[in-house]
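Below is one structure, written out as structure tokens; comments come after it.
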There are 2 protein chains.
Amino acid sequence: MSTLQSIRPTARDDAVLNVLADFVTVEGLQPGDRLPTERVLSERLKVSRTTVREALTRWEGLGLVERRQGSGTYLKAAVSRDMFHLPLTFASGNDFESLMQTLEIRRALEAEAAALCAQRAGPKEIAFIREKLDVMEESFHAHAGMSSEEDWDFHLAIYSVSGNPLFGQIISAMHEAFHRFWEHPLGVRDFGHASFPYHRTLYDRIVAHDAEGARAEALKLIATVEDDLRRGAANLKLADIR
Amino acid sequence: MSTLQSIRPTARDDAVLNVLADFVTVEGLQPGDRLPTERVLSERLKVSRTTVREALTRWEGLGLVERRQGSGTYLKAAVSRDMFHLPLTFASGNDFESLMQTLEIRRALEAEAAALCAQRAGPKEIAFIREKLDVMEESFHAHAGMSSEEDWDFHLAIYSVSGNPLFGQIISAMHEAFHRFWEHPLGVRDFGHASFPYHRTLYDRIVAHDAEGARAEALKLIATVEDDLRRGAANLKLADIR
DNA sequence: ATTGGCACAATGGTCTGACCAATTTCGAGG
DNA sequence: CCTCGAAATTGGTCAGACCATTGTGCCAAT
């Protein structure tokens, strides 16, 4: 009988979110778009601004929406009425150990995403990834070093083509949480430099639709990042990263 | 210069949550315990009840806390100051597609955990896993079928020995969210039956400290589960699982 | 024509005080 | 001792106000 628990958890807030989700769907709002003012919503929905704010706060906590004071509230992810939220929360400090652990998770997901990508990528998807790769390589040669933004775009493309949005969601969330350290974590010069060649080899395996090969290349790629990280940690012993 | 963006995202709410997290830690509150009244918090922290409520609403949305009108606000999970939130959103509800997507995530994590486990397991850890394997196999032969509980224990042991708590935490959270469907998802008889032999082969690779071998066996194991799932979905077309 | 600064409007963030609704507590009455 | 109901407690909602930040557009100086 556990399936019919709590018949009325809360009314107003949920109702507001449902209506708002429908509004987003009907209006075809995309991530980045601005949604109506709190005051407008409160008036239209015939509820107080307090209630609207509580509802939006819930969405904000789930990362679906972003508020900018003086500007407005903006969509951060696609929302619809039939959504299922799985908020994971775990204890994890910003120390070297935690960073290493998240990197192990990333390695796991990166490898699987690469394998799926190699399986599922059609000509159009391959061209999409190719484009990101070209930009990255050009930037690399122009600045004689990895550009974290173009690099990130390349990986995002792979997650996207994998056909499973969860890969991008999980890794993006981690990326965001650690973005200060993920990029140039420990003051290592040319961080990520060693990973450069594996981007192309990974791309080649994807083009060949070689799932296991792609998995292997992705593992090698992440391995170089982990090495960089370990080197950095060794450099400054007892680094206080927070 | 991307490291110094957003100097003041929001003050009060976050501050409240930090203080509250510290309070929970110091007071040693456990899930199920009741935390102070909104009015008390608002008075103690010198902020309005509105602000306290916004903060608690955020926690409620993350499933950390449960509010009961007329009774109080209760802890639902362990909280601490250094928490890492990873809100995942599934496009659609509890349908076949979503289940398959989470299974792909599980495959990724399972493979990596197995590889790490093979690398890091000492004699004591191997004995620990062996114990779970024995229990599972015994149960299998006794009941002529997979016992989901003992099976789960075996996998939990591997996550644990992997040395990275994130594996167990992420997979457990997904497992919990889908537990009704994860076990006997689509009325398939002998669900998971095909996966049985791979538990021992996986164990053997771990004993041999063969990381890549363990990864391969874990992949095969999950592949059988996916096959079962696909078979089940084919059986009852247009299954309405919700 | 461009640029810089400034006032004003719009918007999210916070506060106050009040009332409503569900729950718990506890005393009166059996 | 038990039962029932009133009162206190607590989360949920509301209205209205003010603050802090951001965006916009006008105007003057260059």
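Here's how to read the names in the structure tokens: chain A, B, ... by the order shown, residue numbers from 1 in each chain, ligand numbers from 1 in the order shown.
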Set the cut-off to 6 Å and count only C-alpha atoms (C1' of nucleotides): what are the residues of chain B that reach chain D? Output as a PDB file with C-alpha atoms, in the first residue's frame.
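Generated output (part05.pdb):
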ATOM      1  CA  GLN B  69       1.749  20.884   8.211  1.00  0.00           C
ATOM      2  CA  GLY B  70       0.819  21.237  11.828  1.00  0.00           C
ATOM      3  CA  SER B  71       3.623  18.922  12.861  1.00  0.00           C
ATOM      4  CA  GLY B  72       6.988  20.208  11.747  1.00  0.00           C
TER       5      GLY B  72
END
Report task. For chain A, list the residues within 12 Å of chain C, counting only C-alpha atoms (C1' of nucleotides), and write the list as a list in words. Result -> Arg8, Pro9, Thr10, Arg34, Leu35, Pro36, Thr37, Glu38, Arg39, Val40, Arg49, Thr50, Arg53, Leu56, Thr57, Glu66, Arg67, Arg68, Gln69, Gly70, Ser71, Gly72, Thr73 and Tyr74 of chain A
**Report entry** Surrounding residues of A:Met100 excluding itself and chain neighbours under 4 positions, 9 Å, only C-alpha atoms (C1' of nucleotides), as a list of chain:residue names
**Finding:**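 Residues meeting the cut-off are A:Asp95, A:Phe96, A:Glu104, A:Ile105, A:Glu226, A:Leu229, A:Arg230.
With only C-alpha atoms as the atoms that count, the residue of B:Arg120, B:His155, B:Arg106, B:Lys132 with the shortest distance to chain A is B:Arg106.
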Give me the residues of chain A that have any atom at most 6 Å from an atom of chain B; for each, the nearest atom pair and the distance in Å, rounded to one decimal. Use only C-alpha atoms, sort by chain and number, and format it as CSV.
residue,atom,partner,partner_atom,distance
A:Arg58,CA,B:Gly61,CA,5.2
A:Gly61,CA,B:Arg58,CA,5.3
A:Leu62,CA,B:Pro87,CA,5.5
A:Asp82,CA,B:Ser92,CA,5.7
A:Met83,CA,B:Ser92,CA,5.5
A:Phe84,CA,B:Phe90,CA,5.0
A:His85,CA,B:Thr89,CA,4.7
A:Leu86,CA,B:Leu88,CA,5.0
A:Pro87,CA,B:Pro87,CA,3.9
A:Leu88,CA,B:Leu86,CA,4.8
A:Thr89,CA,B:His85,CA,4.4
A:Phe90,CA,B:Phe84,CA,5.4
A:Ala91,CA,B:Met83,CA,4.4
A:Ser92,CA,B:Met83,CA,5.7
A:Gly93,CA,B:Asp82,CA,5.5
A:Ala108,CA,B:Ala108,CA,5.2
A:Leu109,CA,B:Ala108,CA,5.5
A:Glu112,CA,B:Ala108,CA,5.3
A:Arg180,CA,B:Thr3,CA,5.9
Any chance you could export the current selection's C-alpha atoms as a short mmCIF file (atom, residue, chain, number, x, y, z; two decimals), in the first residue's frame?
data_model
loop_
_atom_site.label_atom_id
_atom_site.label_comp_id
_atom_site.auth_asym_id
_atom_site.auth_seq_id
_atom_site.Cartn_x
_atom_site.Cartn_y
_atom_site.Cartn_z
CA ARG A 58 11.98 24.35 -6.08
CA GLY A 61 17.11 23.95 -6.65
CA LEU A 62 16.68 21.29 -9.30
CA ASP A 82 5.81 14.59 -17.23
CA MET A 83 9.24 14.87 -15.74
CA PHE A 84 10.94 12.64 -13.31
CA HIS A 85 13.48 14.16 -10.93
CA LEU A 86 16.22 12.18 -9.31
CA PRO A 87 18.18 14.50 -7.07
CA LEU A 88 21.38 12.82 -6.03
CA THR A 89 23.23 14.37 -3.17
CA PHE A 90 26.34 13.07 -1.56
CA ALA A 91 29.00 14.35 0.76
CA SER A 92 32.08 15.41 -1.12
CA GLY A 93 34.55 18.12 -0.31
CA ALA A 108 33.20 5.47 -16.51
CA LEU A 109 30.61 7.62 -18.25
CA GLU A 112 30.38 4.26 -22.20
CA ARG A 180 37.20 26.00 -11.03
#
Report task. Please run DSSP on the backbone and report, as a PyMOL selection string, all residues within stretch 3-190 of chain B that come out as strand (DSSP E or B). Result -> chain B and resi 34-35+65-68+72-75+83-90
Requested in this report: Can you check which residues of stretch 1-236 of chain B DSSP gives as helix (DSSP H, G or I) on the backbone and send them as a VMD selection string?
Outcome: chain B and resid 2 to 4 12 to 27 38 to 44 49 to 61 96 to 120 123 to 143 148 to 161 165 to 177 179 to 183 193 to 207 211 to 235
Requested in this report: Within 12 Å of B:Ala216, counting only C-alpha atoms (C1' of nucleotides), which residues show up once you throw out same-chain ones fewer than 3 positions away? Write them as a ChimeraX atom specification, please.
Outcome: /A:212,215-216 /B:107-108,110-115,118,198-199,201-203,205-206,210-213,219-223
Can I get the selection written as a PDB file, in the first residue's frame, with N, CA and C atoms?
ATOM      1  N   GLU A 212      34.175  -0.723 -29.123  1.00  0.00           N
ATOM      2  CA  GLU A 212      35.182  -1.076 -28.114  1.00  0.00           C
ATOM      3  C   GLU A 212      36.444  -0.235 -28.295  1.00  0.00           C
ATOM      4  N   ARG A 215      35.753   3.086 -26.781  1.00  0.00           N
ATOM      5  CA  ARG A 215      35.817   2.979 -25.326  1.00  0.00           C
ATOM      6  C   ARG A 215      37.262   3.026 -24.855  1.00  0.00           C
ATOM      7  N   ALA A 216      38.124   2.285 -25.535  1.00  0.00           N
ATOM      8  CA  ALA A 216      39.524   2.223 -25.137  1.00  0.00           C
ATOM      9  C   ALA A 216      40.196   3.591 -25.271  1.00  0.00           C
TER      10      ALA A 216
ATOM     11  N   ARG B 107      25.448   0.470 -16.579  1.00  0.00           N
ATOM     12  CA  ARG B 107      26.467  -0.313 -17.274  1.00  0.00           C
ATOM     13  C   ARG B 107      27.812   0.391 -17.221  1.00  0.00           C
ATOM     14  N   ALA B 108      27.787   1.694 -17.473  1.00  0.00           N
ATOM     15  CA  ALA B 108      29.033   2.461 -17.439  1.00  0.00           C
ATOM     16  C   ALA B 108      29.691   2.367 -16.070  1.00  0.00           C
ATOM     17  N   GLU B 110      29.038   0.273 -13.573  1.00  0.00           N
ATOM     18  CA  GLU B 110      29.317  -1.098 -13.155  1.00  0.00           C
ATOM     19  C   GLU B 110      30.657  -1.569 -13.729  1.00  0.00           C
ATOM     20  N   ALA B 111      30.875  -1.251 -15.006  1.00  0.00           N
ATOM     21  CA  ALA B 111      32.112  -1.689 -15.649  1.00  0.00           C
ATOM     22  C   ALA B 111      33.324  -1.044 -14.987  1.00  0.00           C
ATOM     23  N   GLU B 112      33.241   0.237 -14.743  1.00  0.00           N
ATOM     24  CA  GLU B 112      34.367   0.939 -14.147  1.00  0.00           C
ATOM     25  C   GLU B 112      34.613   0.466 -12.713  1.00  0.00           C
ATOM     26  N   ALA B 113      33.515   0.289 -11.961  1.00  0.00           N
ATOM     27  CA  ALA B 113      33.660  -0.184 -10.586  1.00  0.00           C
ATOM     28  C   ALA B 113      34.322  -1.551 -10.561  1.00  0.00           C
ATOM     29  N   ALA B 114      33.936  -2.408 -11.495  1.00  0.00           N
ATOM     30  CA  ALA B 114      34.532  -3.748 -11.548  1.00  0.00           C
ATOM     31  C   ALA B 114      36.025  -3.653 -11.833  1.00  0.00           C
ATOM     32  N   ALA B 115      36.387  -2.776 -12.775  1.00  0.00           N
ATOM     33  CA  ALA B 115      37.800  -2.622 -13.122  1.00  0.00           C
ATOM     34  C   ALA B 115      38.603  -2.119 -11.919  1.00  0.00           C
ATOM     35  N   ALA B 118      39.006  -4.814  -9.323  1.00  0.00           N
ATOM     36  CA  ALA B 118      40.041  -5.793  -9.639  1.00  0.00           C
ATOM     37  C   ALA B 118      41.424  -5.239  -9.334  1.00  0.00           C
ATOM     38  N   TYR B 198      27.665 -14.917 -15.120  1.00  0.00           N
ATOM     39  CA  TYR B 198      28.666 -13.852 -15.226  1.00  0.00           C
ATOM     40  C   TYR B 198      29.106 -13.316 -13.866  1.00  0.00           C
ATOM     41  N   HIS B 199      28.340 -13.592 -12.843  1.00  0.00           N
ATOM     42  CA  HIS B 199      28.762 -13.158 -11.513  1.00  0.00           C
ATOM     43  C   HIS B 199      30.042 -13.888 -11.110  1.00  0.00           C
ATOM     44  N   THR B 201      32.222 -15.404 -13.239  1.00  0.00           N
ATOM     45  CA  THR B 201      33.341 -15.038 -14.120  1.00  0.00           C
ATOM     46  C   THR B 201      33.881 -13.654 -13.744  1.00  0.00           C
ATOM     47  N   LEU B 202      32.972 -12.768 -13.375  1.00  0.00           N
ATOM     48  CA  LEU B 202      33.412 -11.448 -12.921  1.00  0.00           C
ATOM     49  C   LEU B 202      34.270 -11.584 -11.666  1.00  0.00           C
ATOM     50  N   TYR B 203      33.787 -12.406 -10.752  1.00  0.00           N
ATOM     51  CA  TYR B 203      34.554 -12.624  -9.522  1.00  0.00           C
ATOM     52  C   TYR B 203      35.943 -13.182  -9.841  1.00  0.00           C
ATOM     53  N   ARG B 205      37.765 -12.748 -12.477  1.00  0.00           N
ATOM     54  CA  ARG B 205      38.641 -11.710 -13.008  1.00  0.00           C
ATOM     55  C   ARG B 205      39.139 -10.782 -11.903  1.00  0.00           C
ATOM     56  N   ILE B 206      38.282 -10.549 -10.912  1.00  0.00           N
ATOM     57  CA  ILE B 206      38.686  -9.700  -9.787  1.00  0.00           C
ATOM     58  C   ILE B 206      39.785 -10.388  -8.991  1.00  0.00           C
ATOM     59  N   ASP B 210      42.596  -8.720 -12.792  1.00  0.00           N
ATOM     60  CA  ASP B 210      42.557  -8.423 -14.226  1.00  0.00           C
ATOM     61  C   ASP B 210      41.497  -7.343 -14.479  1.00  0.00           C
ATOM     62  N   ALA B 211      41.926  -6.097 -14.447  1.00  0.00           N
ATOM     63  CA  ALA B 211      40.983  -4.986 -14.523  1.00  0.00           C
ATOM     64  C   ALA B 211      40.175  -5.008 -15.814  1.00  0.00           C
ATOM     65  N   GLU B 212      40.871  -5.172 -16.940  1.00  0.00           N
ATOM     66  CA  GLU B 212      40.153  -5.126 -18.216  1.00  0.00           C
ATOM     67  C   GLU B 212      39.227  -6.339 -18.362  1.00  0.00           C
ATOM     68  N   GLY B 213      39.675  -7.474 -17.848  1.00  0.00           N
ATOM     69  CA  GLY B 213      38.827  -8.653 -17.884  1.00  0.00           C
ATOM     70  C   GLY B 213      37.571  -8.454 -17.056  1.00  0.00           C
ATOM     71  N   LEU B 219      30.394  -5.862 -18.332  1.00  0.00           N
ATOM     72  CA  LEU B 219      29.635  -5.423 -19.502  1.00  0.00           C
ATOM     73  C   LEU B 219      28.731  -6.545 -20.004  1.00  0.00           C
ATOM     74  N   LYS B 220      29.267  -7.751 -20.041  1.00  0.00           N
ATOM     75  CA  LYS B 220      28.449  -8.883 -20.481  1.00  0.00           C
ATOM     76  C   LYS B 220      27.274  -9.082 -19.542  1.00  0.00           C
ATOM     77  N   LEU B 221      27.547  -8.952 -18.258  1.00  0.00           N
ATOM     78  CA  LEU B 221      26.489  -9.168 -17.270  1.00  0.00           C
ATOM     79  C   LEU B 221      25.322  -8.197 -17.498  1.00  0.00           C
ATOM     80  N   ILE B 222      25.654  -6.937 -17.621  1.00  0.00           N
ATOM     81  CA  ILE B 222      24.591  -5.954 -17.815  1.00  0.00           C
ATOM     82  C   ILE B 222      23.898  -6.175 -19.158  1.00  0.00           C
ATOM     83  N   ALA B 223      24.655  -6.655 -20.139  1.00  0.00           N
ATOM     84  CA  ALA B 223      24.060  -6.892 -21.453  1.00  0.00           C
ATOM     85  C   ALA B 223      22.923  -7.907 -21.349  1.00  0.00           C
TER      86      ALA B 223
END
